[in-house]
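Participant: Could you have a look at this structure, given as structure tokens, before my questions?
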Amino acid sequence: MGSIQFKRLACLDNLEILHADDFESNFPDHFHDQVCLTLVQKGFECTEVEGQQLLSPTGYISLTHENEVHANPNLNRGTYSFITYYLSPDLLRSLNKNRHLRFRDRVIGDSNLFQSLSNLAERQDRLPEASELMPVLQRLVDQYQLTPAAVSEIGLKRSKIEEVLVFIENNLEEKISLEKLARICNLSKFQFLRAFKKSKGITPAAYLINKRIEKAKSLLKQKLPIVEVSLACGFFDQSHFYKYFHRYVGITPAQYSRSCNILQD
């Protein structure tokens, strides 16, 4: 299946870098709390987002926004190698004069930007420093952000469903039913299911699994026992925890935990 490694920088809001070699991607709908920049080193990556299927070949950058639902199907059942930067939205906003930031392109063919980010991530002697990364990220923001007018047209719909998101975030270790979430919005479970998917682009069940997986990754980085992590994230069956973690992350919780051993601060 290839190899996967993580690095965490002690700067830029604990920016993380993932290296994957000969990786077989086949991820269902999911999202990240960060903006993800993926540099395709070999092969190509497919991203399905907002009803589009986007291909990023070797030498291109694939970009997804924070909390943006997307999938990465394996179209040709092959492998590819890539480097992903996980960027804090707050960091990028700081580079945009503290304004909300969206990017106009999801697939970026910029050889200079690609090479700069690759060189910094692949350097073996030491991790990149803020003084080295900031100019490169500033170039990304300056050249590829949407205009303020275009951003305002996108908007971010907010409704009572936001109460549901807070409830989920605060109760990931509990058993959360569709009926319980629907009651928060004073809707039937069927009305709530349609409203939630329209608002978030993903079903409540899939959203809940994503949030539990993200929490599990965070706890595994802290080297907590896998059984403890499973219970803390609402997985009361170990086999289900392993099944969903592998499906959404691409490796098992044990493999992820071992990969984090090389994570450097």
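Scheme for the structure tokens: letters A, B, ... for chains in order shown; per-chain residue numbers from 1; ligand numbers from 1 in order shown.
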Each residue of stretch 104-219 of chain A with at least one atom at most 9 Å from stretch 239-256 of chain A should appear once, together with its nearest atom pair and the corresponding distance in Å (one decimal); atoms considered: only C-alpha atoms; ordering: chain, then increasing residue number; output as JSON lines.

Facilitator:
{"residue": "A:Ile209", "atom": "CA", "partner": "A:Tyr244", "partner_atom": "CA", "distance": 7.8}
{"residue": "A:Asn210", "atom": "CA", "partner": "A:Tyr248", "partner_atom": "CA", "distance": 7.8}
{"residue": "A:Ile213", "atom": "CA", "partner": "A:Phe245", "partner_atom": "CA", "distance": 6.3}
{"residue": "A:Ala216", "atom": "CA", "partner": "A:Pro253", "partner_atom": "CA", "distance": 8.4}
{"residue": "A:Lys217", "atom": "CA", "partner": "A:Tyr256", "partner_atom": "CA", "distance": 7.9}

Participant: Only N, CA, C and O atoms, please: the residues just picked out, written as a PDB file, in the first residue's frame.

Facilitator:
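So the final result, stored in result-v7.pdb, reads:
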ATOM      1  N   ILE A 209     -19.160  10.746  11.562  1.00  0.00           N
ATOM      2  CA  ILE A 209     -18.008   9.853  11.411  1.00  0.00           C
ATOM      3  C   ILE A 209     -16.746  10.667  11.131  1.00  0.00           C
ATOM      4  O   ILE A 209     -15.680  10.421  11.703  1.00  0.00           O
ATOM      5  N   ASN A 210     -16.855  11.654  10.250  1.00  0.00           N
ATOM      6  CA  ASN A 210     -15.704  12.511   9.937  1.00  0.00           C
ATOM      7  C   ASN A 210     -15.159  13.195  11.182  1.00  0.00           C
ATOM      8  O   ASN A 210     -13.951  13.231  11.419  1.00  0.00           O
ATOM      9  N   ILE A 213     -13.394  10.729  13.411  1.00  0.00           N
ATOM     10  CA  ILE A 213     -12.089  10.347  12.872  1.00  0.00           C
ATOM     11  C   ILE A 213     -11.066  11.453  13.104  1.00  0.00           C
ATOM     12  O   ILE A 213      -9.916  11.196  13.467  1.00  0.00           O
ATOM     13  N   ALA A 216     -10.057  11.290  16.624  1.00  0.00           N
ATOM     14  CA  ALA A 216      -9.204  10.116  16.841  1.00  0.00           C
ATOM     15  C   ALA A 216      -7.778  10.390  16.383  1.00  0.00           C
ATOM     16  O   ALA A 216      -6.810  10.023  17.071  1.00  0.00           O
ATOM     17  N   LYS A 217      -7.619  11.042  15.249  1.00  0.00           N
ATOM     18  CA  LYS A 217      -6.275  11.380  14.762  1.00  0.00           C
ATOM     19  C   LYS A 217      -5.548  12.270  15.754  1.00  0.00           C
ATOM     20  O   LYS A 217      -4.353  12.084  16.033  1.00  0.00           O
TER      21      LYS A 217
END

Participant: Stretch 100-106 of chain A: which residues within 10 Å, counting only C-alpha atoms, same-chain residues fewer than 6 positions away excluded, as a ChimeraX atom specification?

Facilitator: /A:35,37,47,49,54-56,61-66,89-90,92-94,140-148,150-152,154

Participant: Since we have the selection now, will you write its residues out, keeping N, CA, C and O atoms, as a compact mmCIF listing (two decimals), in the first residue's frame?

Facilitator:
# COMPACT_ATOMS: atom_id res chain seq x y z
N VAL A 35 -7.16 24.05 5.34
CA VAL A 35 -7.03 24.12 3.89
C VAL A 35 -5.93 23.13 3.49
O VAL A 35 -4.85 23.13 4.08
N LEU A 37 -3.33 21.62 0.72
CA LEU A 37 -2.59 21.78 -0.53
C LEU A 37 -1.88 20.47 -0.80
O LEU A 37 -0.97 20.09 -0.06
N THR A 47 -10.27 14.48 -7.45
CA THR A 47 -11.05 15.07 -6.36
C THR A 47 -12.46 15.36 -6.87
O THR A 47 -12.62 16.02 -7.90
N VAL A 49 -15.72 17.36 -5.96
CA VAL A 49 -16.15 18.43 -5.07
C VAL A 49 -17.18 19.30 -5.79
O VAL A 49 -17.02 19.61 -6.98
N LEU A 54 -12.35 16.59 -10.57
CA LEU A 54 -11.15 17.32 -10.96
C LEU A 54 -9.93 16.41 -10.90
O LEU A 54 -9.74 15.69 -9.91
N LEU A 55 -9.10 16.45 -11.94
CA LEU A 55 -7.89 15.63 -11.99
C LEU A 55 -6.66 16.53 -11.84
O LEU A 55 -6.52 17.54 -12.53
N SER A 56 -5.78 16.12 -10.94
CA SER A 56 -4.52 16.84 -10.72
C SER A 56 -3.38 15.91 -11.10
O SER A 56 -3.07 14.97 -10.36
N ILE A 61 -0.93 21.11 -8.24
CA ILE A 61 -1.37 21.26 -6.86
C ILE A 61 -2.89 21.13 -6.80
O ILE A 61 -3.60 21.79 -7.56
N SER A 62 -3.37 20.27 -5.92
CA SER A 62 -4.80 20.13 -5.66
C SER A 62 -5.13 20.87 -4.37
O SER A 62 -4.43 20.73 -3.37
N LEU A 63 -6.21 21.66 -4.37
CA LEU A 63 -6.56 22.48 -3.20
C LEU A 63 -8.00 22.24 -2.79
O LEU A 63 -8.91 22.22 -3.62
N THR A 64 -8.22 22.06 -1.49
CA THR A 64 -9.57 22.03 -0.93
C THR A 64 -9.63 22.97 0.26
O THR A 64 -8.67 23.11 1.01
N HIS A 65 -10.79 23.65 0.41
CA HIS A 65 -10.97 24.59 1.51
C HIS A 65 -11.31 23.86 2.80
O HIS A 65 -11.68 22.68 2.78
N GLU A 66 -11.20 24.57 3.91
CA GLU A 66 -11.55 23.99 5.20
C GLU A 66 -13.04 23.63 5.24
O GLU A 66 -13.88 24.35 4.70
N PRO A 89 -6.72 27.84 8.56
CA PRO A 89 -7.45 28.95 7.94
C PRO A 89 -7.07 30.30 8.55
O PRO A 89 -7.01 31.32 7.85
N ASP A 90 -6.79 30.32 9.86
CA ASP A 90 -6.39 31.57 10.52
C ASP A 90 -5.05 32.07 9.97
O ASP A 90 -4.85 33.27 9.81
N LEU A 92 -3.88 31.56 6.92
CA LEU A 92 -4.10 32.11 5.58
C LEU A 92 -4.84 33.45 5.64
O LEU A 92 -4.55 34.35 4.86
N ARG A 93 -5.77 33.58 6.59
CA ARG A 93 -6.45 34.87 6.73
C ARG A 93 -5.46 35.96 7.14
O ARG A 93 -5.59 37.12 6.71
N SER A 94 -4.49 35.60 7.97
CA SER A 94 -3.50 36.60 8.38
C SER A 94 -2.68 37.09 7.19
O SER A 94 -2.21 38.23 7.19
N LEU A 140 0.94 32.25 -2.84
CA LEU A 140 -0.28 31.48 -3.09
C LEU A 140 -1.51 32.34 -2.87
O LEU A 140 -2.42 32.38 -3.72
N VAL A 141 -1.56 33.04 -1.75
CA VAL A 141 -2.71 33.88 -1.42
C VAL A 141 -2.87 35.01 -2.43
O VAL A 141 -3.97 35.26 -2.95
N ASP A 142 -1.79 35.69 -2.75
CA ASP A 142 -1.85 36.85 -3.64
C ASP A 142 -2.28 36.48 -5.06
O ASP A 142 -3.03 37.21 -5.71
N GLN A 143 -1.82 35.34 -5.54
CA GLN A 143 -2.06 34.98 -6.94
C GLN A 143 -3.34 34.19 -7.17
O GLN A 143 -3.90 34.23 -8.27
N TYR A 144 -3.83 33.49 -6.13
CA TYR A 144 -4.92 32.55 -6.40
C TYR A 144 -6.18 32.78 -5.56
O TYR A 144 -7.12 31.99 -5.65
N GLN A 145 -6.24 33.85 -4.78
CA GLN A 145 -7.45 34.10 -4.02
C GLN A 145 -8.53 34.67 -4.93
O GLN A 145 -8.25 35.31 -5.94
N LEU A 146 -9.78 34.42 -4.54
CA LEU A 146 -10.90 35.08 -5.22
C LEU A 146 -10.94 36.54 -4.81
O LEU A 146 -10.47 36.91 -3.74
N THR A 147 -11.52 37.36 -5.66
CA THR A 147 -11.69 38.77 -5.30
C THR A 147 -12.69 38.87 -4.15
O THR A 147 -13.56 38.01 -3.98
N PRO A 148 -12.62 39.93 -3.34
CA PRO A 148 -13.59 40.09 -2.24
C PRO A 148 -15.04 40.01 -2.69
O PRO A 148 -15.89 39.46 -2.01
N ALA A 150 -16.27 38.28 -5.22
CA ALA A 150 -16.62 36.88 -5.51
C ALA A 150 -16.80 36.09 -4.22
O ALA A 150 -17.67 35.23 -4.13
N VAL A 151 -16.00 36.39 -3.20
CA VAL A 151 -16.14 35.69 -1.93
C VAL A 151 -17.50 35.98 -1.31
O VAL A 151 -18.16 35.09 -0.79
N SER A 152 -17.94 37.23 -1.36
CA SER A 152 -19.21 37.58 -0.74
C SER A 152 -20.37 36.89 -1.44
O SER A 152 -21.39 36.60 -0.83
N ILE A 154 -20.26 33.86 -2.60
CA ILE A 154 -20.31 32.47 -2.16
C ILE A 154 -21.10 32.37 -0.87
O ILE A 154 -22.01 31.58 -0.72

Participant: May I have the residues within 12 Å of stretch 51-53 of chain A as a list of chain:residue names, using only C-alpha atoms and disregarding those fewer than 4 positions away in the same chain?

Facilitator: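 That gives A:Asp29, A:Glu45, A:Cys46, A:Thr47, A:Ser62, A:Val69, A:His70, A:Ala71, A:Asn72, A:Pro73, A:Asn74, A:Leu75, A:Arg106, A:Val107, A:Gly201.
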
Participant: For A:Gln138, which residue out of A:Ile176, A:Arg123, A:Asn96, A:Asn112 is the nearest one, using only C-alpha atoms?

Facilitator: A:Asn96
